[in-house]
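S.K.: Before I ask anything, here is the structure I am working with.
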Amino acid sequence: MCFASLLPVIALGLISFGELLSANEVQNRPDSVGVQNRIQFVDATSASGIRFKHVDGRSGRKYLLETLGSGAAFFDYDNDEDIDLYIVNAADLPGFTSKVPPTNVLYRNNGDGTFTDVTSQAGVGHPGYGVGCAAADYDNDGYQDLYVTNYGPNVLYHNNGDGTFTDVTRKAGVGDPHWSTSCAFLDYDNDGYVDLYVVNYLPFSVETSAWWIVNGVRTYCSPPDQFAGAVFHGEPDTLYRNNGDGTFTDVTKEAGISSTGVGLAVAVGDYNNDGNADIYVANDMEQHYLFKNNGDGTFTDVTLLSGTGYSEDGVPGSGMGAAFGDYDNDGYLDLVVSNAANMPTILYHNDGDGFFTDVSFVSGIGQKTLSYFKWTNEFIDYDNDGFQDIFITDGHLQDNIELFGDSTYPQQNLLFHNRGDGTFTDVSEEMGAGMSLKKVGRGAAFGDYDNDGDIDIFINNSNQTADLLRNDGGNRNNWLMIKTVGVKSNRDGIGTRIKVVSGSLTQIKEVKSGSGYLSQSDLRVLFGLGTHTKADLVELRWPSGLVERIRDVKARQILTVTEGCGERVEK
């Protein structure tokens with residue numbers, strides 16, 4: 001079947017998740033500012049049945065390992081059209097023993113707003129010191145598989161298609177032994193199989209771990225001071241090429257990937273619109289890297305030429321999170337990178353000529369984010385007005401910061417509304433009880449878990465209970481969600497560039513794997529259409545190079561598009 005649509009949400013029995021408009025009300029909907037002011041993020045954690053608490057093994061010894069937290073992934077492992085949730089946990093460390101050993105957890109989405117813990121049945125409760133994760137169908141069998149990064153060897157779980165997974169790490173050859181953080185699947189060579197990029201942090205052991213004493217109080221120390229006078233260096237990242245037979249090959253050196261920074265985040269996107277997936281890596285306290293895909297299996301480091309390695313003042317940041325997104329709808333992917341306190345979240349505007357401009361302060365993001373310790377950042381259109389907003393998780397690194405600083409350990413997360421003129425407004429205080437929570441935010445995943453047409457948020461907090469924030473009211477504006485199924489391209493369509501045109505509103509987004517910080521969001525792509533009742537044009541540029549169009553697509557539906565079924569656009 002070429003195109004398949006889920007019925008409008010009112011027919012799915014999901015009306016309790018958000019107020020839906022009648023046909024008459026759609027025609028008389030208030031402007032987008034009025035809509036976004038009535039949106040509330042509701043803490044739905046308890047009601048959904050999620051009972052997850054992150055455990056990092058802290059005992060007061062201040063191991064740097066404890067500070068990074070863990071991530072999560074929204075992905076549909078059982079192909080029932082409801083996104084499920086995988087949450088990464090850490091583990092005990094010397095000096096701390098849990099009553100019940102912590103493991104990663106898989107929650108199956110029941111389709112009624114609740115989740116069921118199926119970790120044991122699925123076989124994915126890894127007990128290692130987990131950090132991040134990403135999901136994709138690496139063998140094109142129609143089921144999404146799962147990769148988990150750890151302090152220690154990483155793990156690849158193959159989805160068996162019957163609700164269970166098998167650890168195939170050794171067979172696949174992807175058990176990177178370093179302290180890995182973020183990861184992402186991408187088809188960098190456009191051969192129809194997704195490859196894998198793994199970000200690595202630094203050499204570390206609990207035996208040699210160092211700490212600071214500040215005003216007589218033990219605190220976590222920065223990465224350089226972990227080396228006690230030795231040369232400070234990060235670990236090299238790893239790029240694995242998918243061989244198409246269930247195995248991967250480490251091609252980092254031959255591909256020209258030279259990132260040896262203290263890596264925390266990876267973002268994948270075609271920033272120069274040439275049809276190839278480029279890679280951005282955010283590093284901690286060192287310059288970031290932008291690798292341009294040359295289209296021949298190699299990459300070129302264009303960091304300095306692109307202006308994306310430092311802030312506008314030439315200062316290296318802390319690089320916690322990174323994400324691509326076209327916030328001004330000019331057809332080029334921009335870039336947002338989070339930082340620690342006293343540095344802003346950096347918003348890089350893609351100028352379309354290979355160069356990016358730091359617009360953090362002129363956009364209204366910079367000043368507002370200076371005092372926060374920032375981790376995940378992501379572009380999301382939470383109010384479906386057709387302009388991508390920015391969400392940021394916050395929480396200090398030092399758990400005793402109140403003793404010697406003017407900051408706090410738990411912090412409120414931030415949501416910036418895109419005004420459509422290149423500037424943003426902080427609306428965090430207006431978005432309901434879910435956005436008012438003050439916790440120690442780290443990884444976050446984004447997706448429409450209740451299929452009601454707006455983006456919900458899951459946050460994995462450090463050494464605390466997690467939060468599921470349900471978006472109530474974002475679907476008052478119209479929307480269109482697109483799920484891609486590759487044929488010649490990789491099965492998930494990762495890397496597909498989608499353009500949606502509704503009247504004068506034109507948007508581009510890409511199907512992407514890991515993004516933000518340690519996490520992955522739903523592979524389905526949600527477009528806000530504002531007051532438009534249809535998409536005049538949906539254009540897809542698949543990784544295979546095929547460009548095709550679908551015209552006059554009705555709003556308020558989830559549309560599955562299979563490669564090769566649209567109107568072919570000749571090159």
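Scheme for the structure tokens: letters A, B, ... for chains in order shown; per-chain residue numbers from 1; ligand numbers from 1 in order shown.
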Determine, counting only C-alpha atoms, which protein, DNA and RNA residues have an atom within 9 Å of an atom of Arg241 (chain A); residues of the same chain fewer than 3 positions away are not included. Present the result as a list in words.

M.R.: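 The residues that qualify are Asp187, Tyr188, Asp189, Tyr193, Val194, Asp195, Leu196, Tyr197, Gly244, Thr247, Phe248, Thr249, Asp250, Val251 and Thr252 of chain A.
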
S.K.: Can you tell me, as a VMD selection string, which residues in region 409-496 of chain A count as helix (DSSP H, G or I) by DSSP?

M.R.: chain A and resid 428 to 430 433 to 436 474 to 476

S.K.: Please produce a file of those selected residues containing C-alpha atoms, as a PDB file, in the first residue's frame.

M.R.:
ATOM      1  CA  SER A 428       7.823  28.477  30.400  1.00  0.00           C
ATOM      2  CA  GLU A 429       5.763  30.009  33.198  1.00  0.00           C
ATOM      3  CA  GLU A 430       2.562  29.968  31.131  1.00  0.00           C
ATOM      4  CA  ALA A 433       2.084  22.451  36.002  1.00  0.00           C
ATOM      5  CA  GLY A 434       4.235  20.138  33.906  1.00  0.00           C
ATOM      6  CA  MET A 435       6.446  23.009  32.814  1.00  0.00           C
ATOM      7  CA  SER A 436       6.632  24.365  36.365  1.00  0.00           C
ATOM      8  CA  GLY A 474      -1.422  22.048  20.916  1.00  0.00           C
ATOM      9  CA  ASN A 475      -3.784  20.308  18.508  1.00  0.00           C
ATOM     10  CA  ARG A 476      -6.159  23.258  18.363  1.00  0.00           C
TER      11      ARG A 476
END

S.K.: Give me the residues within 10 Å of Leu65 (chain A) as a PDB file with N, CA and C atoms, in the first residue's frame, counting only C-alpha atoms and dropping any in the same chain fewer than 3 places off.

M.R.:
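File written: selection-v2.pdb
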ATOM      1  N   ASP A  56      21.919   6.713  39.792  1.00  0.00           N
ATOM      2  CA  ASP A  56      23.263   6.940  39.253  1.00  0.00           C
ATOM      3  C   ASP A  56      24.373   6.414  40.145  1.00  0.00           C
ATOM      4  N   GLY A  57      24.017   5.816  41.292  1.00  0.00           N
ATOM      5  CA  GLY A  57      25.017   5.171  42.140  1.00  0.00           C
ATOM      6  C   GLY A  57      25.811   6.097  43.025  1.00  0.00           C
ATOM      7  N   ARG A  58      25.355   7.330  43.192  1.00  0.00           N
ATOM      8  CA  ARG A  58      26.133   8.302  43.973  1.00  0.00           C
ATOM      9  C   ARG A  58      26.177   7.927  45.450  1.00  0.00           C
ATOM     10  N   LYS A  62      31.657  11.622  44.708  1.00  0.00           N
ATOM     11  CA  LYS A  62      31.746  12.601  43.613  1.00  0.00           C
ATOM     12  C   LYS A  62      32.505  12.074  42.399  1.00  0.00           C
ATOM     13  N   LEU A  68      26.297  12.930  34.376  1.00  0.00           N
ATOM     14  CA  LEU A  68      25.744  13.105  33.027  1.00  0.00           C
ATOM     15  C   LEU A  68      24.294  12.685  32.889  1.00  0.00           C
ATOM     16  N   GLY A  69      23.803  11.849  33.791  1.00  0.00           N
ATOM     17  CA  GLY A  69      22.436  11.377  33.644  1.00  0.00           C
ATOM     18  C   GLY A  69      22.308  10.380  32.503  1.00  0.00           C
ATOM     19  N   ALA A  90      21.301   4.070  34.963  1.00  0.00           N
ATOM     20  CA  ALA A  90      22.714   3.890  35.269  1.00  0.00           C
ATOM     21  C   ALA A  90      22.875   2.653  36.159  1.00  0.00           C
ATOM     22  N   LEU A  93      27.608   2.236  42.046  1.00  0.00           N
ATOM     23  CA  LEU A  93      29.043   2.513  42.046  1.00  0.00           C
ATOM     24  C   LEU A  93      29.603   2.193  43.428  1.00  0.00           C
ATOM     25  N   TYR A 129      26.116   0.483  33.210  1.00  0.00           N
ATOM     26  CA  TYR A 129      25.985   1.904  33.519  1.00  0.00           C
ATOM     27  C   TYR A 129      25.572   2.614  32.242  1.00  0.00           C
ATOM     28  N   VAL A 131      23.903   5.205  29.437  1.00  0.00           N
ATOM     29  CA  VAL A 131      23.994   6.642  29.196  1.00  0.00           C
ATOM     30  C   VAL A 131      22.960   7.086  28.158  1.00  0.00           C
ATOM     31  N   TYR A 151      28.839   3.440  29.942  1.00  0.00           N
ATOM     32  CA  TYR A 151      30.206   3.521  30.447  1.00  0.00           C
ATOM     33  C   TYR A 151      30.686   2.079  30.455  1.00  0.00           C
ATOM     34  N   TRP A 179      33.676   5.186  27.191  1.00  0.00           N
ATOM     35  CA  TRP A 179      32.563   5.849  27.874  1.00  0.00           C
ATOM     36  C   TRP A 179      31.811   6.611  26.789  1.00  0.00           C
ATOM     37  N   PHE A 204      38.162   7.251  31.882  1.00  0.00           N
ATOM     38  CA  PHE A 204      37.739   7.455  33.271  1.00  0.00           C
ATOM     39  C   PHE A 204      37.772   6.128  34.008  1.00  0.00           C
ATOM     40  N   SER A 205      38.116   6.201  35.280  1.00  0.00           N
ATOM     41  CA  SER A 205      37.982   5.035  36.155  1.00  0.00           C
ATOM     42  C   SER A 205      37.670   5.526  37.554  1.00  0.00           C
ATOM     43  N   VAL A 206      36.894   4.756  38.283  1.00  0.00           N
ATOM     44  CA  VAL A 206      36.560   5.165  39.647  1.00  0.00           C
ATOM     45  C   VAL A 206      37.796   5.119  40.541  1.00  0.00           C
ATOM     46  N   SER A 209      39.528   8.526  39.918  1.00  0.00           N
ATOM     47  CA  SER A 209      38.646   9.695  39.842  1.00  0.00           C
ATOM     48  C   SER A 209      39.059  10.770  40.845  1.00  0.00           C
ATOM     49  N   TYR A 220      32.072  17.803  42.497  1.00  0.00           N
ATOM     50  CA  TYR A 220      32.541  17.217  41.242  1.00  0.00           C
ATOM     51  C   TYR A 220      33.520  18.178  40.567  1.00  0.00           C
TER      52      TYR A 220
END

S.K.: Between A:Leu290, A:Ala136, A:Ala444, A:Ala47, which is the closest to Ser306 (chain A) once you count only C-alpha atoms?

M.R.: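 Of A:Leu290, A:Ala136, A:Ala444, A:Ala47, the one nearest Ser306 (chain A), counting only C-alpha atoms, is A:Leu290.
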
S.K.: Between A:Glu563, A:Asp112, A:Asp139, A:Asp389, which is the closest to Ile83 (chain A) once you count only C-alpha atoms?

M.R.: A:Asp112

S.K.: Excluding Lys483 (chain A) and any residue of its chain fewer than 4 positions from it, enumerate the residues within 10 Å of it, using only C-alpha atoms, and give them as number ranges by chain.

M.R.: A: 3-5, 81, 492-493, 511, 522-526, 558-562

S.K.: Store the residues picked out above in a file with N, CA, C and O atoms, as a CSV table (one decimal), in the first residue's frame.

M.R.:
chain,number,residue,atom,x,y,z
A,3,PHE,N,0.0,4.7,0.3
A,3,PHE,CA,-0.3,5.7,1.3
A,3,PHE,C,-1.4,5.1,2.3
A,3,PHE,O,-2.3,4.5,1.9
A,4,ALA,N,-1.1,5.3,3.6
A,4,ALA,CA,-2.1,4.8,4.6
A,4,ALA,C,-2.3,5.9,5.6
A,4,ALA,O,-1.3,6.5,6.1
A,5,SER,N,-3.5,6.1,6.0
A,5,SER,CA,-3.8,7.2,6.9
A,5,SER,C,-4.5,6.6,8.1
A,5,SER,O,-5.4,5.7,8.0
A,81,GLU,N,1.4,1.3,15.8
A,81,GLU,CA,1.2,2.7,15.5
A,81,GLU,C,1.1,3.5,16.8
A,81,GLU,O,0.7,4.7,16.7
A,492,ASP,N,13.3,2.8,7.6
A,492,ASP,CA,12.6,3.9,8.3
A,492,ASP,C,12.6,5.2,7.6
A,492,ASP,O,12.0,6.2,8.1
A,493,GLY,N,13.3,5.3,6.5
A,493,GLY,CA,13.4,6.6,5.8
A,493,GLY,C,14.2,7.6,6.5
A,493,GLY,O,14.0,8.8,6.2
A,511,VAL,N,13.6,13.3,8.7
A,511,VAL,CA,13.5,12.1,9.5
A,511,VAL,C,14.8,11.9,10.2
A,511,VAL,O,15.8,11.7,9.5
A,522,ASP,N,10.5,10.5,18.4
A,522,ASP,CA,9.7,9.7,17.4
A,522,ASP,C,10.2,9.9,16.0
A,522,ASP,O,10.4,11.1,15.6
A,523,LEU,N,10.3,8.9,15.2
A,523,LEU,CA,10.7,9.0,13.8
A,523,LEU,C,9.6,9.5,12.9
A,523,LEU,O,9.9,10.0,11.8
A,524,ARG,N,8.4,9.5,13.4
A,524,ARG,CA,7.3,10.2,12.6
A,524,ARG,C,7.5,11.7,12.7
A,524,ARG,O,8.0,12.2,13.7
A,525,VAL,N,7.2,12.4,11.6
A,525,VAL,CA,7.5,13.8,11.6
A,525,VAL,C,6.2,14.6,11.6
A,525,VAL,O,5.3,14.4,10.8
A,526,LEU,N,6.0,15.5,12.6
A,526,LEU,CA,4.8,16.2,12.8
A,526,LEU,C,5.0,17.7,12.3
A,526,LEU,O,5.9,18.4,12.7
A,558,ILE,N,-2.5,11.0,10.5
A,558,ILE,CA,-1.2,10.4,10.5
A,558,ILE,C,-1.1,9.7,9.1
A,558,ILE,O,-1.8,8.7,8.9
A,559,LEU,N,-0.2,10.1,8.3
A,559,LEU,CA,-0.1,9.6,6.9
A,559,LEU,C,1.2,8.8,6.8
A,559,LEU,O,2.3,9.3,7.0
A,560,THR,N,1.1,7.5,6.4
A,560,THR,CA,2.2,6.7,6.1
A,560,THR,C,2.5,6.7,4.6
A,560,THR,O,1.6,6.4,3.8
A,561,VAL,N,3.7,7.1,4.3
A,561,VAL,CA,4.1,7.3,2.9
A,561,VAL,C,5.2,6.2,2.6
A,561,VAL,O,6.2,6.2,3.2
A,562,THR,N,4.9,5.4,1.6
A,562,THR,CA,5.9,4.4,1.1
A,562,THR,C,6.7,4.9,-0.1
A,562,THR,O,6.0,5.5,-1.0

S.K.: Region 99-267 of chain A: which residues are strand (DSSP E) by DSSP, as a PyMOL selection string?

M.R.: chain A and resi 105-109+115-117+130-136+145-150+152-159+165-167+180-186+195-200+211-214+217-220+238-242+248-250+263-267

S.K.: List as a PyMOL selection string the protein and nucleic acid residues near region 405-416 of chain A, meaning an atom at most 9 Å away when only C-alpha atoms are counted, but skip any in the same chain fewer than 4 places from it.

M.R.: chain A and resi 364-365+369+371-374+389-401+424-429+431+435-441

S.K.: May I have the selected residues written with C-alpha atoms, as a CSV table (one decimal), in the first residue's frame?

M.R.:
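Okay, out.csv is ready:
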chain,number,residue,atom,x,y,z
A,364,GLY,CA,16.0,36.4,22.6
A,365,ILE,CA,17.4,33.0,23.6
A,369,THR,CA,19.4,30.9,29.3
A,371,SER,CA,21.8,31.4,34.5
A,372,TYR,CA,20.6,27.8,33.7
A,373,PHE,CA,22.7,24.6,33.5
A,374,LYS,CA,21.3,23.3,30.2
A,389,ASP,CA,10.0,26.4,19.1
A,390,ILE,CA,12.8,25.4,21.4
A,391,PHE,CA,12.6,23.2,24.5
A,392,ILE,CA,15.5,22.9,27.0
A,393,THR,CA,16.0,20.6,30.0
A,394,ASP,CA,17.8,22.2,33.0
A,395,GLY,CA,19.5,21.0,36.1
A,396,HIS,CA,22.9,21.8,37.7
A,397,LEU,CA,25.8,19.5,37.6
A,398,GLN,CA,26.8,20.1,41.3
A,399,ASP,CA,24.3,18.4,43.7
A,400,ASN,CA,25.4,20.7,46.5
A,401,ILE,CA,25.7,24.0,44.5
A,424,PHE,CA,11.7,33.8,20.6
A,425,THR,CA,9.7,34.5,23.8
A,426,ASP,CA,10.2,32.5,27.1
A,427,VAL,CA,6.7,31.0,27.8
A,428,SER,CA,7.8,28.5,30.4
A,429,GLU,CA,5.8,30.0,33.2
A,431,MET,CA,2.5,26.3,30.1
A,435,MET,CA,6.4,23.0,32.8
A,436,SER,CA,6.6,24.4,36.4
A,437,LEU,CA,8.4,21.3,37.8
A,438,LYS,CA,11.9,22.0,39.2
A,439,LYS,CA,14.0,18.9,38.9
A,440,VAL,CA,17.4,17.8,37.6
A,441,GLY,CA,16.7,17.4,33.9

S.K.: Name the residues in contact with Gly275 (chain A) at a cut-off of 12 Å, using only C-alpha atoms, excluding same-chain residues fewer than 5 positions from it; report them as a PDB file with C-alpha atoms, in the first residue's frame.

M.R.:
ATOM      1  CA  ASP A 187      22.620   6.520   6.150  1.00  0.00           C
ATOM      2  CA  TYR A 188      25.734   8.553   5.394  1.00  0.00           C
ATOM      3  CA  ASP A 189      26.488   6.683   2.137  1.00  0.00           C
ATOM      4  CA  ASN A 190      22.853   6.427   0.949  1.00  0.00           C
ATOM      5  CA  GLY A 269      21.127  16.845   9.149  1.00  0.00           C
ATOM      6  CA  ASP A 270      21.722  17.984   5.592  1.00  0.00           C
ATOM      7  CA  LYS A 292      30.406  17.937   5.780  1.00  0.00           C
ATOM      8  CA  ASN A 293      29.477  14.769   3.923  1.00  0.00           C
ATOM      9  CA  ASN A 294      31.341  14.723   0.598  1.00  0.00           C
ATOM     10  CA  GLY A 295      29.007  12.156  -0.923  1.00  0.00           C
ATOM     11  CA  GLY A 495      17.432  11.140   6.303  1.00  0.00           C
ATOM     12  CA  THR A 496      14.347  11.827   4.184  1.00  0.00           C
ATOM     13  CA  ARG A 497      13.833  15.568   3.643  1.00  0.00           C
ATOM     14  CA  ILE A 498      10.121  16.450   3.781  1.00  0.00           C
ATOM     15  CA  GLU A 510      14.028  15.599   8.172  1.00  0.00           C
ATOM     16  CA  LEU A 540       9.787  13.981  -0.091  1.00  0.00           C
ATOM     17  CA  ARG A 541      13.459  13.687  -1.029  1.00  0.00           C
ATOM     18  CA  TRP A 542      14.457  10.183  -0.057  1.00  0.00           C
ATOM     19  CA  PRO A 543      18.067   9.140   0.739  1.00  0.00           C
ATOM     20  CA  SER A 544      18.020   7.115  -2.502  1.00  0.00           C
ATOM     21  CA  GLY A 545      17.760  10.418  -4.388  1.00  0.00           C
ATOM     22  CA  LEU A 546      14.133   9.909  -5.413  1.00  0.00           C
ATOM     23  CA  VAL A 547      12.028  13.066  -5.140  1.00  0.00           C
TER      24      VAL A 547
END

S.K.: Kindly indicate which residue among A:Phe227, A:Phe446, A:Tyr289, A:Phe458 lies nearest to Asp43 (chain A), using only C-alpha atoms for the distances.

M.R.: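 Looking at the shortest contact to Asp43 (chain A), the residue is A:Phe458.
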
S.K.: Extract, using only C-alpha atoms, all DNA, RNA and protein residues at most 7 Å from Ala267 (chain A), discarding same-chain residues fewer than 3 positions from it, and format them as a list of chain:residue names.

M.R.: A:Ile279, A:Tyr280, A:Val281, A:Ala322, A:Ala323, A:Phe324, A:Ser515

S.K.: Quick one: distance from CA of Leu480 (chain A) to CA of Asp456 (chain A) in Å, one decimal?

M.R.: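 That distance, rounded to one decimal, is 15.3 Å.
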